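Shown below: structure_0.tsv, with TSV, C-alpha atoms and all ligand atoms.
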```tsv
chain	number	residue	atom	x	y	z
H	1	MET	CA	-25.68	34.00	-41.31
H	2	LEU	CA	-25.26	35.11	-37.71
H	3	SER	CA	-25.54	31.54	-36.52
H	4	LYS	CA	-22.86	30.42	-39.02
H	5	MET	CA	-20.55	33.18	-37.70
H	6	ASN	CA	-21.20	31.97	-34.15
H	7	ASP	CA	-20.41	28.37	-35.13
H	8	LEU	CA	-17.16	29.48	-36.77
H	9	ASN	CA	-16.27	31.56	-33.73
H	10	HIS	CA	-16.95	28.59	-31.47
H	11	LEU	CA	-14.80	26.34	-33.67
H	12	LEU	CA	-11.92	28.82	-33.75
H	13	ILE	CA	-11.98	29.23	-29.96
H	14	PHE	CA	-11.96	25.44	-29.58
H	15	LEU	CA	-9.06	25.03	-32.04
H	16	GLY	CA	-7.14	27.80	-30.28
H	17	LYS	CA	-7.56	26.23	-26.83
H	18	PHE	CA	-6.88	22.70	-28.10
H	19	THR	CA	-3.67	23.73	-29.88
H	20	TYR	CA	-2.58	25.85	-26.92
H	21	GLY	CA	-2.96	22.79	-24.64
H	22	PHE	CA	-0.72	20.73	-26.92
H	23	LEU	CA	1.88	23.45	-27.44
H	24	GLU	CA	2.06	24.17	-23.72
H	25	ALA	CA	2.56	20.46	-22.95
H	26	LEU	CA	5.28	20.22	-25.62
H	27	PHE	CA	6.98	23.34	-24.32
H	28	TYR	CA	7.10	21.97	-20.77
H	29	MET	CA	8.61	18.72	-22.04
H	30	ILE	CA	11.79	20.70	-22.68
H	31	ALA	CA	11.50	23.63	-20.27
H	32	PRO	CA	11.01	23.24	-16.51
H	33	LYS	CA	7.47	24.08	-15.45
H	34	PRO	CA	7.27	26.93	-12.90
H	35	LYS	CA	6.44	25.80	-9.37
H	36	LYS	CA	3.87	27.57	-7.26
H	37	ASN	CA	4.59	29.04	-3.87
H	38	VAL	CA	2.73	27.24	-1.07
H	39	SER	CA	4.04	29.20	1.89
H	40	GLY	CA	1.08	30.49	3.84
H	41	GLU	CA	-1.27	27.83	2.42
H	42	ILE	CA	-3.18	25.62	4.85
H	43	VAL	CA	-2.48	22.01	3.88
H	44	LEU	CA	-4.66	19.20	5.23
H	45	ILE	CA	-3.23	15.69	4.84
H	46	THR	CA	-5.35	12.69	5.81
H	47	GLY	CA	-3.49	9.55	6.85
H	48	ALA	CA	-0.56	11.74	7.90
H	49	GLY	CA	0.52	9.32	10.66
H	50	SER	CA	2.75	7.19	8.42
H	51	GLY	CA	3.95	6.37	4.93
H	52	ILE	CA	3.25	8.77	2.07
H	53	GLY	CA	1.14	11.09	4.25
H	54	ARG	CA	4.02	11.62	6.67
H	55	LEU	CA	6.57	12.19	3.92
H	56	LEU	CA	4.26	14.72	2.21
H	57	ALA	CA	3.87	16.57	5.52
H	58	LEU	CA	7.65	16.83	5.85
H	59	ARG	CA	7.95	18.24	2.31
H	60	PHE	CA	5.29	20.88	2.96
H	61	ALA	CA	7.02	21.67	6.27
H	62	HIS	CA	10.10	22.76	4.29
H	63	LEU	CA	7.95	25.04	2.12
H	64	GLY	CA	6.48	27.19	4.88
H	65	ALA	CA	2.92	25.83	4.74
H	66	THR	CA	0.61	25.47	7.75
H	67	LEU	CA	0.04	21.76	8.33
H	68	VAL	CA	-3.21	20.14	9.43
H	69	LEU	CA	-2.56	16.45	10.03
H	70	TRP	CA	-5.37	13.92	10.35
H	71	ASP	CA	-4.99	10.28	11.24
H	72	ILE	CA	-6.92	7.61	13.09
H	73	ASN	CA	-3.66	6.74	14.84
H	74	PRO	CA	-2.76	9.57	17.28
H	75	GLU	CA	0.74	8.24	18.06
H	76	GLY	CA	1.81	8.13	14.42
H	77	ASN	CA	0.30	11.56	13.85
H	78	GLN	CA	2.16	13.06	16.84
H	79	GLU	CA	5.39	11.60	15.53
H	80	THR	CA	4.76	13.22	12.12
H	81	SER	CA	4.04	16.52	13.86
H	82	LYS	CA	7.32	16.30	15.80
H	83	LEU	CA	9.28	15.51	12.62
H	84	ALA	CA	7.54	18.33	10.71
H	85	LYS	CA	8.46	20.85	13.40
H	86	GLU	CA	12.06	19.61	13.29
H	87	ALA	CA	11.92	20.07	9.50
H	88	GLY	CA	11.01	23.74	9.94
H	89	ALA	CA	7.21	23.89	10.12
H	90	SER	CA	6.08	26.54	12.59
H	91	ARG	CA	2.34	25.83	12.44
H	92	VAL	CA	1.39	22.17	12.79
H	93	TYR	CA	-2.03	21.02	14.04
H	94	THR	CA	-2.82	17.36	14.65
H	95	TYR	CA	-6.31	15.88	14.86
H	96	THR	CA	-7.36	12.33	15.54
H	97	CYS	CA	-10.06	11.62	12.99
H	98	ASN	CA	-11.62	8.46	11.65
H	99	CYS	CA	-12.07	9.57	8.04
H	100	GLY	CA	-14.30	6.56	7.49
H	101	GLN	CA	-16.99	8.05	9.76
H	102	ARG	CA	-18.96	10.94	8.28
H	103	GLN	CA	-19.87	12.53	11.63
H	104	ASP	CA	-16.27	12.37	12.81
H	105	VAL	CA	-15.10	14.07	9.60
H	106	TYR	CA	-17.66	16.89	9.96
H	107	ARG	CA	-16.87	17.33	13.69
H	108	VAL	CA	-13.10	17.55	13.16
H	109	ALA	CA	-13.52	19.73	10.03
H	110	ASP	CA	-15.51	22.28	12.09
H	111	GLN	CA	-12.77	22.27	14.71
H	112	VAL	CA	-10.12	22.89	12.01
H	113	LYS	CA	-12.09	25.81	10.55
H	114	LYS	CA	-12.37	27.40	14.03
H	115	GLU	CA	-8.82	26.70	15.21
H	116	VAL	CA	-6.76	27.02	12.00
H	117	GLY	CA	-8.85	28.51	9.18
H	118	ASP	CA	-9.95	27.46	5.71
H	119	VAL	CA	-7.97	24.61	4.20
H	120	THR	CA	-6.53	25.59	0.80
H	121	ILE	CA	-4.67	22.40	-0.15
H	122	LEU	CA	-6.49	19.16	0.62
H	123	ILE	CA	-4.71	15.83	0.25
H	124	ASN	CA	-6.99	12.80	0.53
H	125	ASN	CA	-4.35	10.19	1.30
H	126	ALA	CA	-5.69	7.92	4.09
H	127	GLY	CA	-6.26	4.43	2.77
H	128	VAL	CA	-6.78	0.80	3.80
H	129	VAL	CA	-6.35	-2.52	2.01
H	130	THR	CA	-7.75	-6.00	2.69
H	131	GLY	CA	-5.83	-8.09	0.14
H	132	LYS	CA	-7.97	-11.27	0.01
H	133	ARG	CA	-9.81	-13.28	-2.64
H	134	PHE	CA	-13.24	-11.71	-3.14
H	135	LEU	CA	-15.24	-14.51	-1.49
H	136	GLU	CA	-12.95	-14.44	1.56
H	137	ILE	CA	-13.35	-10.73	2.28
H	138	PRO	CA	-15.50	-10.14	5.37
H	139	ASP	CA	-18.38	-7.73	4.69
H	140	GLU	CA	-17.06	-5.24	7.25
H	141	CYS	CA	-13.72	-5.02	5.39
H	142	ILE	CA	-15.56	-4.17	2.16
H	143	GLU	CA	-17.50	-1.48	4.02
H	144	LYS	CA	-14.32	-0.12	5.58
H	145	ALA	CA	-12.51	0.01	2.21
H	146	PHE	CA	-15.34	2.12	0.80
H	147	ASP	CA	-15.72	4.24	3.96
H	148	VAL	CA	-12.04	5.22	4.05
H	149	ASN	CA	-10.89	5.03	0.42
H	150	ILE	CA	-13.77	6.90	-1.16
H	151	LYS	CA	-16.74	7.91	0.99
H	152	ALA	CA	-14.39	9.97	3.18
H	153	HIS	CA	-13.45	11.99	0.08
H	154	PHE	CA	-17.07	13.08	-0.32
H	155	TRP	CA	-17.40	14.24	3.30
H	156	ILE	CA	-14.04	16.00	3.34
H	157	TYR	CA	-14.75	17.85	0.06
H	158	LYS	CA	-18.16	18.85	1.40
H	159	ALA	CA	-16.49	20.31	4.46
H	160	PHE	CA	-13.71	22.27	2.74
H	161	LEU	CA	-14.69	22.91	-0.88
H	162	PRO	CA	-17.24	25.70	-0.19
H	163	ALA	CA	-14.53	28.07	1.12
H	164	MET	CA	-12.24	27.20	-1.80
H	165	MET	CA	-15.09	27.97	-4.21
H	166	ALA	CA	-15.90	31.26	-2.49
H	167	ASN	CA	-12.27	32.34	-2.97
H	168	ASN	CA	-11.75	30.51	-6.28
H	169	HIS	CA	-8.48	29.29	-4.78
H	170	GLY	CA	-7.29	25.87	-3.68
H	171	HIS	CA	-5.89	22.50	-4.66
H	172	LEU	CA	-7.54	19.08	-4.35
H	173	VAL	CA	-5.20	16.10	-4.31
H	174	CYS	CA	-6.50	12.54	-4.54
H	175	ILE	CA	-4.16	9.67	-3.78
H	176	SER	CA	-5.78	6.85	-5.74
H	177	SER	CA	-3.69	3.94	-7.05
H	178	SER	CA	-2.68	1.99	-10.15
H	179	ALA	CA	-5.44	-0.29	-8.81
H	180	GLY	CA	-7.78	2.64	-9.51
H	181	LEU	CA	-6.91	2.41	-13.22
H	182	LEU	CA	-6.52	-1.34	-13.82
H	183	GLY	CA	-8.20	-4.22	-12.00
H	184	VAL	CA	-6.03	-6.61	-9.97
H	185	ASN	CA	-7.03	-10.03	-8.60
H	186	LYS	CA	-7.30	-10.26	-4.76
H	187	LEU	CA	-7.90	-6.50	-4.60
H	188	SER	CA	-11.58	-6.32	-5.56
H	189	ASP	CA	-12.72	-4.01	-2.72
H	190	TYR	CA	-9.55	-1.91	-2.94
H	191	CYS	CA	-9.74	-1.60	-6.77
H	192	ALA	CA	-13.42	-0.70	-6.67
H	193	SER	CA	-12.89	1.99	-4.03
H	194	LYS	CA	-9.80	3.40	-5.79
H	195	PHE	CA	-11.55	3.47	-9.21
H	196	ALA	CA	-14.31	5.36	-7.40
H	197	ALA	CA	-11.81	7.80	-5.88
H	198	PHE	CA	-10.37	8.46	-9.33
H	199	GLY	CA	-13.81	8.97	-10.87
H	200	PHE	CA	-14.92	11.24	-8.05
H	201	ALA	CA	-11.83	13.46	-8.24
H	202	GLU	CA	-12.01	13.66	-12.04
H	203	SER	CA	-15.71	14.50	-11.95
H	204	ILE	CA	-15.17	17.34	-9.47
H	205	PHE	CA	-12.21	18.56	-11.56
H	206	LEU	CA	-14.52	18.89	-14.57
H	207	GLU	CA	-17.39	20.32	-12.51
H	208	LEU	CA	-15.09	23.08	-11.25
H	209	HIS	CA	-14.06	23.86	-14.84
H	210	ALA	CA	-17.68	23.89	-16.00
H	211	GLU	CA	-18.43	26.37	-13.21
H	212	ARG	CA	-15.37	28.52	-14.10
H	213	LYS	CA	-13.70	27.82	-10.75
H	214	THR	CA	-10.36	27.37	-12.47
H	215	GLY	CA	-8.48	28.77	-9.46
H	216	ILE	CA	-9.07	25.41	-7.76
H	217	LYS	CA	-6.56	22.88	-9.07
H	218	THR	CA	-6.74	19.09	-9.07
H	219	THR	CA	-4.05	16.42	-8.91
H	220	ILE	CA	-4.93	12.71	-9.13
H	221	VAL	CA	-2.14	10.31	-8.21
H	222	CYS	CA	-2.08	6.62	-9.23
H	223	PRO	CA	1.04	4.80	-8.03
H	224	PHE	CA	1.92	1.11	-8.30
H	225	PHE	CA	3.13	-0.63	-5.07
H	226	ILE	CA	5.28	1.54	-2.78
H	227	LYS	CA	7.62	0.31	-0.05
H	228	THR	CA	5.65	1.82	2.84
H	229	GLY	CA	4.46	-1.41	4.46
H	230	MET	CA	0.87	-1.14	3.22
H	231	PHE	CA	1.46	-3.85	0.62
H	232	GLU	CA	4.18	-5.66	2.57
H	233	GLY	CA	5.15	-8.96	0.93
H	234	CYS	CA	3.87	-8.13	-2.57
H	235	THR	CA	6.21	-8.94	-5.41
H	236	THR	CA	6.68	-7.92	-9.03
H	237	ALA	CA	8.09	-10.16	-11.75
H	238	ASN	CA	9.27	-7.26	-13.90
H	239	SER	CA	11.21	-4.79	-11.84
H	240	HIS	CA	12.05	-2.67	-14.91
H	241	LEU	CA	8.53	-2.02	-16.18
H	242	LEU	CA	6.72	-2.32	-12.86
H	243	PRO	CA	9.15	-1.78	-9.97
H	244	ILE	CA	8.03	-1.61	-6.34
H	245	LEU	CA	8.48	2.10	-5.81
H	246	GLU	CA	10.64	3.88	-3.26
H	247	PRO	CA	8.57	6.23	-1.03
H	248	LYS	CA	11.01	9.09	-1.61
H	249	TYR	CA	10.68	8.80	-5.40
H	250	VAL	CA	6.87	8.76	-5.15
H	251	VAL	CA	6.78	11.79	-2.86
H	252	ASP	CA	9.23	13.69	-5.12
H	253	LYS	CA	6.87	13.09	-8.04
H	254	ILE	CA	3.72	13.95	-6.06
H	255	MET	CA	5.25	17.22	-4.82
H	256	ASP	CA	6.34	18.08	-8.34
H	257	ALA	CA	2.83	17.37	-9.65
H	258	ILE	CA	1.21	19.52	-6.93
H	259	LEU	CA	3.61	22.43	-7.31
H	260	THR	CA	3.35	22.44	-11.12
H	261	GLU	CA	-0.43	21.86	-10.97
H	262	GLN	CA	-0.28	18.63	-13.00
H	263	VAL	CA	-3.68	16.91	-13.12
H	264	TYR	CA	-2.81	13.23	-13.68
H	265	LEU	CA	0.21	11.44	-12.24
H	266	TYR	CA	0.69	7.70	-12.88
H	267	LEU	CA	3.74	5.92	-11.46
H	268	PRO	CA	5.74	4.28	-12.96
H	269	LYS	CA	5.51	5.55	-16.57
H	270	PHE	CA	4.65	2.05	-17.81
H	271	LEU	CA	1.09	2.60	-16.48
H	272	TYR	CA	0.44	5.20	-19.22
H	273	TYR	CA	1.29	2.54	-21.86
H	274	ALA	CA	-0.67	-0.17	-20.03
H	275	LEU	CA	-3.80	2.02	-20.02
H	276	PHE	CA	-3.34	2.80	-23.71
H	277	LEU	CA	-2.94	-0.91	-24.54
H	278	LYS	CA	-6.03	-1.77	-22.48
H	279	SER	CA	-8.11	0.67	-24.53
H	280	PHE	CA	-7.75	-1.38	-27.75
H	281	LEU	CA	-6.22	-4.81	-27.02
H	282	PRO	CA	-8.63	-7.77	-27.20
H	283	ALA	CA	-9.41	-8.94	-23.63
H	284	LYS	CA	-7.75	-12.34	-24.24
H	285	SER	CA	-4.53	-10.63	-25.36
H	286	GLY	CA	-4.70	-8.42	-22.24
H	287	VAL	CA	-5.00	-11.52	-20.04
H	288	ALA	CA	-2.00	-13.01	-21.89
H	289	VAL	CA	0.02	-9.87	-21.01
H	290	CYS	CA	-1.04	-10.25	-17.33
H	291	GLU	CA	0.04	-13.90	-17.37
H	292	TYR	CA	3.35	-13.08	-19.08
H	293	MET	CA	4.09	-10.32	-16.57
H	294	LYS	CA	2.91	-12.58	-13.68
H	295	ILE	CA	0.41	-9.91	-12.58
H	296	PHE	CA	-1.88	-12.62	-11.15
H	297	ASP	CA	0.87	-13.51	-8.65
H	298	VAL	CA	1.64	-10.04	-7.27
H	299	MET	CA	-0.68	-10.44	-4.27
H	300	ASN	CA	0.25	-14.07	-3.48
H	301	SER	CA	2.73	-13.21	-0.72
H	302	PHE	CA	0.79	-10.16	0.55
H	303	LYS	CA	1.22	-9.90	4.34
H	304	GLY	CA	-0.84	-6.82	5.05
H	305	GLN	CA	-0.65	-3.31	6.28
H	306	LEU	CA	2.50	-3.01	8.38
H	307	LYS	CA	3.43	0.28	9.96
H	308	LYS	CA	7.05	1.25	9.25
H	309	PHE	CA	7.15	5.03	9.46
R	401	LIG	N1	1.73	1.62	-0.42
R	401	LIG	C1	1.36	1.36	-1.66
R	401	LIG	O1	1.87	0.41	-2.29
R	401	LIG	C2	0.33	2.20	-2.33
R	401	LIG	C3	0.17	2.09	-3.72
R	401	LIG	C4	-0.79	2.87	-4.34
R	401	LIG	C5	-1.56	3.75	-3.60
R	401	LIG	N2	-1.38	3.81	-2.26
R	401	LIG	C6	-2.24	4.72	-1.52
R	401	LIG	O2	-1.44	5.71	-0.91
R	401	LIG	C7	-2.07	6.17	0.30
R	401	LIG	C8	-1.06	6.16	1.42
R	401	LIG	O3	-0.67	4.82	1.64
R	401	LIG	P1	0.67	4.42	2.42
R	401	LIG	O4	1.40	3.49	1.56
R	401	LIG	O5	1.34	5.62	2.95
R	401	LIG	O6	0.02	3.55	3.59
R	401	LIG	P2	0.14	3.63	5.18
R	401	LIG	O7	-0.61	2.47	5.69
R	401	LIG	O8	1.57	3.80	5.58
R	401	LIG	O9	-0.62	4.99	5.52
R	401	LIG	C9	-2.01	5.09	5.57
R	401	LIG	C10	-2.38	6.01	6.71
R	401	LIG	O10	-3.80	6.16	6.71
R	401	LIG	C11	-4.24	6.09	8.07
R	401	LIG	N3	-5.63	5.67	8.12
R	401	LIG	C12	-6.13	4.44	7.85
R	401	LIG	N4	-7.45	4.43	8.09
R	401	LIG	C13	-7.79	5.68	8.47
R	401	LIG	C14	-9.00	6.29	8.86
R	401	LIG	N5	-10.15	5.59	8.89
R	401	LIG	N6	-9.00	7.59	9.20
R	401	LIG	C15	-7.84	8.31	9.20
R	401	LIG	N7	-6.66	7.77	8.86
R	401	LIG	C16	-6.63	6.47	8.50
R	401	LIG	C17	-3.31	5.07	8.72
R	401	LIG	O11	-3.32	5.19	10.14
R	401	LIG	C18	-1.99	5.45	8.08
R	401	LIG	O12	-1.30	6.42	8.84
R	401	LIG	C19	-3.26	5.25	0.52
R	401	LIG	O13	-4.43	5.87	0.06
R	401	LIG	C20	-2.95	4.06	-0.36
R	401	LIG	O14	-4.11	3.38	-0.76
R	401	LIG	C21	-0.45	3.09	-1.61
```
Encoding of this model in C-alpha cells:
Amino acid sequence: MLSKMNDLNHLLIFLGKFTYGFLEALFYMIAPKPKKNVSGEIVLITGAGSGIGRLLALRFAHLGATLVLWDINPEGNQETSKLAKEAGASRVYTYTCNCGQRQDVYRVADQVKKEVGDVTILINNAGVVTGKRFLEIPDECIEKAFDVNIKAHFWIYKAFLPAMMANNHGHLVCISSSAGLLGVNKLSDYCASKFAAFGFAESIFLELHAERKTGIKTTIVCPFFIKTGMFEGCTTANSHLLPILEPKYVVDKIMDAILTEQVYLYLPKFLYYALFLKSFLPAKSGVAVCEYMKIFDVMNSFKGQLKKF
C-alpha cells in the first residue's frame, strides 16, 4: 500500500514537472523571458582574439562583466581587449593560452584564479577547422581538431567547475556547430570533434542536474556557417533555409540564450526541422535531401581560416 502511494506520488511529481516545463515554454513564446544580470560576473572567453569570441567580449563589456580573454594569438587578443575597454569594460584581463595543450590550460587557469578570481561564466569558443577530404587530412590536423575543439573543454571545465560547484553558481557555454548535430562531407575531423563537444556539454548539464547543482546553467550553441572568415569560401545553395549567417545576428542570439538561460540554441531555425527529419527519414531519403539542397557542395570552395576581425 505504502509502495503504491510512493509510486503515485512519484508519478504526480513527474507529471507536474513535465507539464510545468511545457507551460513555461509556451508562456515564453508570447512573453519576453527575463534576462539575468551579469554585471560583476567573471566571464572567460576562449578564442577571444577574433570572430564570435571578440564580438561576445564586446557584448559582455557593455553589461559590466569582468572579462578574461584567452587566445593563442596575442595580437588579436590585445585588439579585443582594447575594443572592450572602449566599449565600457573596466576590468579586462588577457592571457595567451594554447587551449589545445592541457598543461598550458592548467597553468593559465591557475594564473587567472590568482589574478582575477573564480570564473563564473565560461565560454568555450576557440575552434579550428581543416576542411579536407578525410584521406587528405594530415594526422596532426586531426589531433589539433580534437585538442582544441573538444579536449580543451575537458581541461577548462576541470579548472573552473569546482568553484562553480562549491557556490552552486555559474554558466557553461559551449560553442559547438551545426556540424556537431549533422555530419557534413569534407568536415570529418571537425564534425567528430563538434559532436563530441555537444555530447560533453550535454552530459555535464545532466550530471549537474543529477547532483542538484541547478544554479550552474548550460547553453549549447550550434550555428551553421557564419561570415567570420573561418569557413571563408563556403557556399550555400538555399539562402532561405540555410543562409550563411551574419556574425552580429549570431552573437545577438547567443547573448539572448545566455541571458535567458536557454539550454539549446540552433541557428538558423531550419536545423531544428532537419534534426527532426533525420530522426525518422530513411537514410536514402535523407541523402536525397542533401543532394537536392546541394549540401555535398558546401565545402567545395572552402579556402580556410582567414582572420578578419
Ligand atoms: N565561423 C563559422 O562558420 C562557424 C560555424 C559554426 C561554429 N563555429 C564555431 O564558432 C567558434 C568561433 O569561430 P569563429 O567563426 O569566430 O572563428 P575564428 O577563427 O574567427 O575564431 C577562432 C578563435 O580561436 C582562436 N584559437 C584557435 N586555436 C586556438 C588555441 N589552440 N588556443 C586558443 N585559441 C585558439 C583563434 O586564434 C581565433 O581567435 C569556433 O568554435 C567555431 O568552430 C563557427
Write out as lines of an AutoDock Vina configuration file an axis-aligned box for range 176-184 of chain H: all of its atoms listed in the file, 4 Å added on each side, centre and edge lengths in Å with one decimal.
```
center_x = -5.4
center_y = 0.1
center_z = -9.8
size_x = 13.5
size_y = 21.5
size_z = 16.1
```
Determine, counting all atoms listed in the file, which protein, DNA and RNA residues have an atom within 12 Å of an atom of Gly127 in chain H; residues of the same chain fewer than 5 positions away are not included. Present the result as a PyMOL selection string.
-> chain H and resi 45-53+71-72+98-100+144-153+174-177+189-191+193-194+197+230-231+305
Would you kindly return, as a ChimeraX atom specification, each protein, DNA or RNA residue with an atom no farther than 10 Å from any atom of Val105 in chain H, considering only C-alpha atoms and excluding same-chain residues fewer than 2 positions away?
-> /H:70,96-103,107-111,152-153,155-156,158-159
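Across the structure, CA of Tyr273 in chain H and CA of Ala25 in chain H are spaced 18.0 Å apart.
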Residue among H:Ala126, H:Leu26, H:Leu265, H:Leu83 lying closest to ligand LIG 401 (chain R), counting only C-alpha atoms and all ligand atoms =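 Closest residue, counting only C-alpha atoms and all ligand atoms: H:Ala126.
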Could you work out how far CA of Leu44 in chain H lies from CA of Phe198 in chain H, giving the answer in Å with one decimal?
-> 19.0 Å
Between atom C10 of ligand LIG 401 (chain R) and CA of Leu241 in chain H, what is the spacing in Å?
->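 Between CA of Leu241 in chain H and atom C10 of ligand LIG 401 (chain R) the gap works out to 26.6 Å.
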Nearest to Glu115 in chain H, chosen from H:Ile42, H:Phe27, H:Gln262, H:Ala166, with only C-alpha atoms counted in the distances = H:Ile42
Neighbours of Gly40 in chain H within 8 Å (only C-alpha atoms; same-chain residues fewer than 5 positions away dropped), as an mmCIF file with C-alpha atoms, in the frame of the given file?
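Contents of the output file around20.cif:
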```
data_model
loop_
_atom_site.group_PDB
_atom_site.id
_atom_site.type_symbol
_atom_site.label_atom_id
_atom_site.label_comp_id
_atom_site.auth_asym_id
_atom_site.auth_seq_id
_atom_site.Cartn_x
_atom_site.Cartn_y
_atom_site.Cartn_z
ATOM 1 C CA GLY H 64 6.480 27.190 4.880
ATOM 2 C CA ALA H 65 2.920 25.830 4.740
ATOM 3 C CA THR H 66 0.610 25.470 7.750
#
```
Could you add the missing atoms to range 242-267 of chain H, up to N, CA and C atoms, and return them as a PDB file, in the coordinates of the input?
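New file result-v8.pdb:
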```pdb
ATOM      1  N   LEU H 242       7.591  -2.555 -14.016  1.00  0.00           N
ATOM      2  CA  LEU H 242       6.720  -2.320 -12.860  1.00  0.00           C
ATOM      3  C   LEU H 242       7.496  -2.534 -11.560  1.00  0.00           C
ATOM      4  N   PRO H 243       8.382  -1.610 -11.214  1.00  0.00           N
ATOM      5  CA  PRO H 243       9.150  -1.780  -9.970  1.00  0.00           C
ATOM      6  C   PRO H 243       8.304  -1.460  -8.742  1.00  0.00           C
ATOM      7  N   ILE H 244       8.640  -2.054  -7.606  1.00  0.00           N
ATOM      8  CA  ILE H 244       8.030  -1.610  -6.340  1.00  0.00           C
ATOM      9  C   ILE H 244       8.730  -0.299  -5.991  1.00  0.00           C
ATOM     10  N   LEU H 245       7.925   0.739  -5.819  1.00  0.00           N
ATOM     11  CA  LEU H 245       8.480   2.100  -5.810  1.00  0.00           C
ATOM     12  C   LEU H 245       9.033   2.501  -4.443  1.00  0.00           C
ATOM     13  N   GLU H 246      10.071   3.318  -4.491  1.00  0.00           N
ATOM     14  CA  GLU H 246      10.640   3.880  -3.260  1.00  0.00           C
ATOM     15  C   GLU H 246       9.749   5.051  -2.809  1.00  0.00           C
ATOM     16  N   PRO H 247       9.425   5.131  -1.499  1.00  0.00           N
ATOM     17  CA  PRO H 247       8.570   6.230  -1.030  1.00  0.00           C
ATOM     18  C   PRO H 247       9.117   7.614  -1.396  1.00  0.00           C
ATOM     19  N   LYS H 248      10.437   7.768  -1.310  1.00  0.00           N
ATOM     20  CA  LYS H 248      11.010   9.090  -1.610  1.00  0.00           C
ATOM     21  C   LYS H 248      10.753   9.487  -3.059  1.00  0.00           C
ATOM     22  N   TYR H 249      10.915   8.535  -3.965  1.00  0.00           N
ATOM     23  CA  TYR H 249      10.680   8.800  -5.400  1.00  0.00           C
ATOM     24  C   TYR H 249       9.219   9.212  -5.616  1.00  0.00           C
ATOM     25  N   VAL H 250       8.304   8.480  -4.972  1.00  0.00           N
ATOM     26  CA  VAL H 250       6.870   8.760  -5.150  1.00  0.00           C
ATOM     27  C   VAL H 250       6.544  10.164  -4.630  1.00  0.00           C
ATOM     28  N   VAL H 251       7.087  10.483  -3.460  1.00  0.00           N
ATOM     29  CA  VAL H 251       6.780  11.790  -2.860  1.00  0.00           C
ATOM     30  C   VAL H 251       7.421  12.926  -3.669  1.00  0.00           C
ATOM     31  N   ASP H 252       8.622  12.686  -4.217  1.00  0.00           N
ATOM     32  CA  ASP H 252       9.230  13.690  -5.120  1.00  0.00           C
ATOM     33  C   ASP H 252       8.269  13.987  -6.264  1.00  0.00           C
ATOM     34  N   LYS H 253       7.741  12.925  -6.865  1.00  0.00           N
ATOM     35  CA  LYS H 253       6.870  13.090  -8.040  1.00  0.00           C
ATOM     36  C   LYS H 253       5.540  13.746  -7.655  1.00  0.00           C
ATOM     37  N   ILE H 254       5.003  13.356  -6.481  1.00  0.00           N
ATOM     38  CA  ILE H 254       3.720  13.950  -6.060  1.00  0.00           C
ATOM     39  C   ILE H 254       3.921  15.446  -5.801  1.00  0.00           C
ATOM     40  N   MET H 255       5.006  15.800  -5.109  1.00  0.00           N
ATOM     41  CA  MET H 255       5.250  17.220  -4.820  1.00  0.00           C
ATOM     42  C   MET H 255       5.416  18.011  -6.101  1.00  0.00           C
ATOM     43  N   ASP H 256       6.156  17.426  -7.041  1.00  0.00           N
ATOM     44  CA  ASP H 256       6.340  18.080  -8.340  1.00  0.00           C
ATOM     45  C   ASP H 256       4.994  18.310  -9.029  1.00  0.00           C
ATOM     46  N   ALA H 257       4.149  17.275  -8.986  1.00  0.00           N
ATOM     47  CA  ALA H 257       2.830  17.370  -9.650  1.00  0.00           C
ATOM     48  C   ALA H 257       1.971  18.440  -8.969  1.00  0.00           C
ATOM     49  N   ILE H 258       2.017  18.503  -7.633  1.00  0.00           N
ATOM     50  CA  ILE H 258       1.210  19.520  -6.930  1.00  0.00           C
ATOM     51  C   ILE H 258       1.739  20.913  -7.262  1.00  0.00           C
ATOM     52  N   LEU H 259       3.051  21.083  -7.151  1.00  0.00           N
ATOM     53  CA  LEU H 259       3.610  22.430  -7.310  1.00  0.00           C
ATOM     54  C   LEU H 259       3.536  22.929  -8.746  1.00  0.00           C
ATOM     55  N   THR H 260       3.473  21.997  -9.718  1.00  0.00           N
ATOM     56  CA  THR H 260       3.350  22.440 -11.120  1.00  0.00           C
ATOM     57  C   THR H 260       1.893  22.307 -11.603  1.00  0.00           C
ATOM     58  N   GLU H 261       1.013  21.959 -10.691  1.00  0.00           N
ATOM     59  CA  GLU H 261      -0.430  21.860 -10.970  1.00  0.00           C
ATOM     60  C   GLU H 261      -0.735  20.880 -12.101  1.00  0.00           C
ATOM     61  N   GLN H 262      -0.041  19.721 -12.025  1.00  0.00           N
ATOM     62  CA  GLN H 262      -0.280  18.630 -13.000  1.00  0.00           C
ATOM     63  C   GLN H 262      -1.550  17.885 -12.566  1.00  0.00           C
ATOM     64  N   VAL H 263      -2.406  17.547 -13.506  1.00  0.00           N
ATOM     65  CA  VAL H 263      -3.680  16.910 -13.120  1.00  0.00           C
ATOM     66  C   VAL H 263      -3.514  15.408 -12.881  1.00  0.00           C
ATOM     67  N   TYR H 264      -2.911  14.696 -13.820  1.00  0.00           N
ATOM     68  CA  TYR H 264      -2.810  13.230 -13.680  1.00  0.00           C
ATOM     69  C   TYR H 264      -1.358  12.828 -13.454  1.00  0.00           C
ATOM     70  N   LEU H 265      -1.141  11.970 -12.481  1.00  0.00           N
ATOM     71  CA  LEU H 265       0.210  11.440 -12.240  1.00  0.00           C
ATOM     72  C   LEU H 265       0.111   9.926 -12.049  1.00  0.00           C
ATOM     73  N   TYR H 266       0.668   9.161 -12.987  1.00  0.00           N
ATOM     74  CA  TYR H 266       0.690   7.700 -12.880  1.00  0.00           C
ATOM     75  C   TYR H 266       2.139   7.267 -12.696  1.00  0.00           C
ATOM     76  N   LEU H 267       2.373   6.368 -11.739  1.00  0.00           N
ATOM     77  CA  LEU H 267       3.740   5.920 -11.460  1.00  0.00           C
ATOM     78  C   LEU H 267       3.796   4.402 -11.371  1.00  0.00           C
TER      79      LEU H 267
END
```
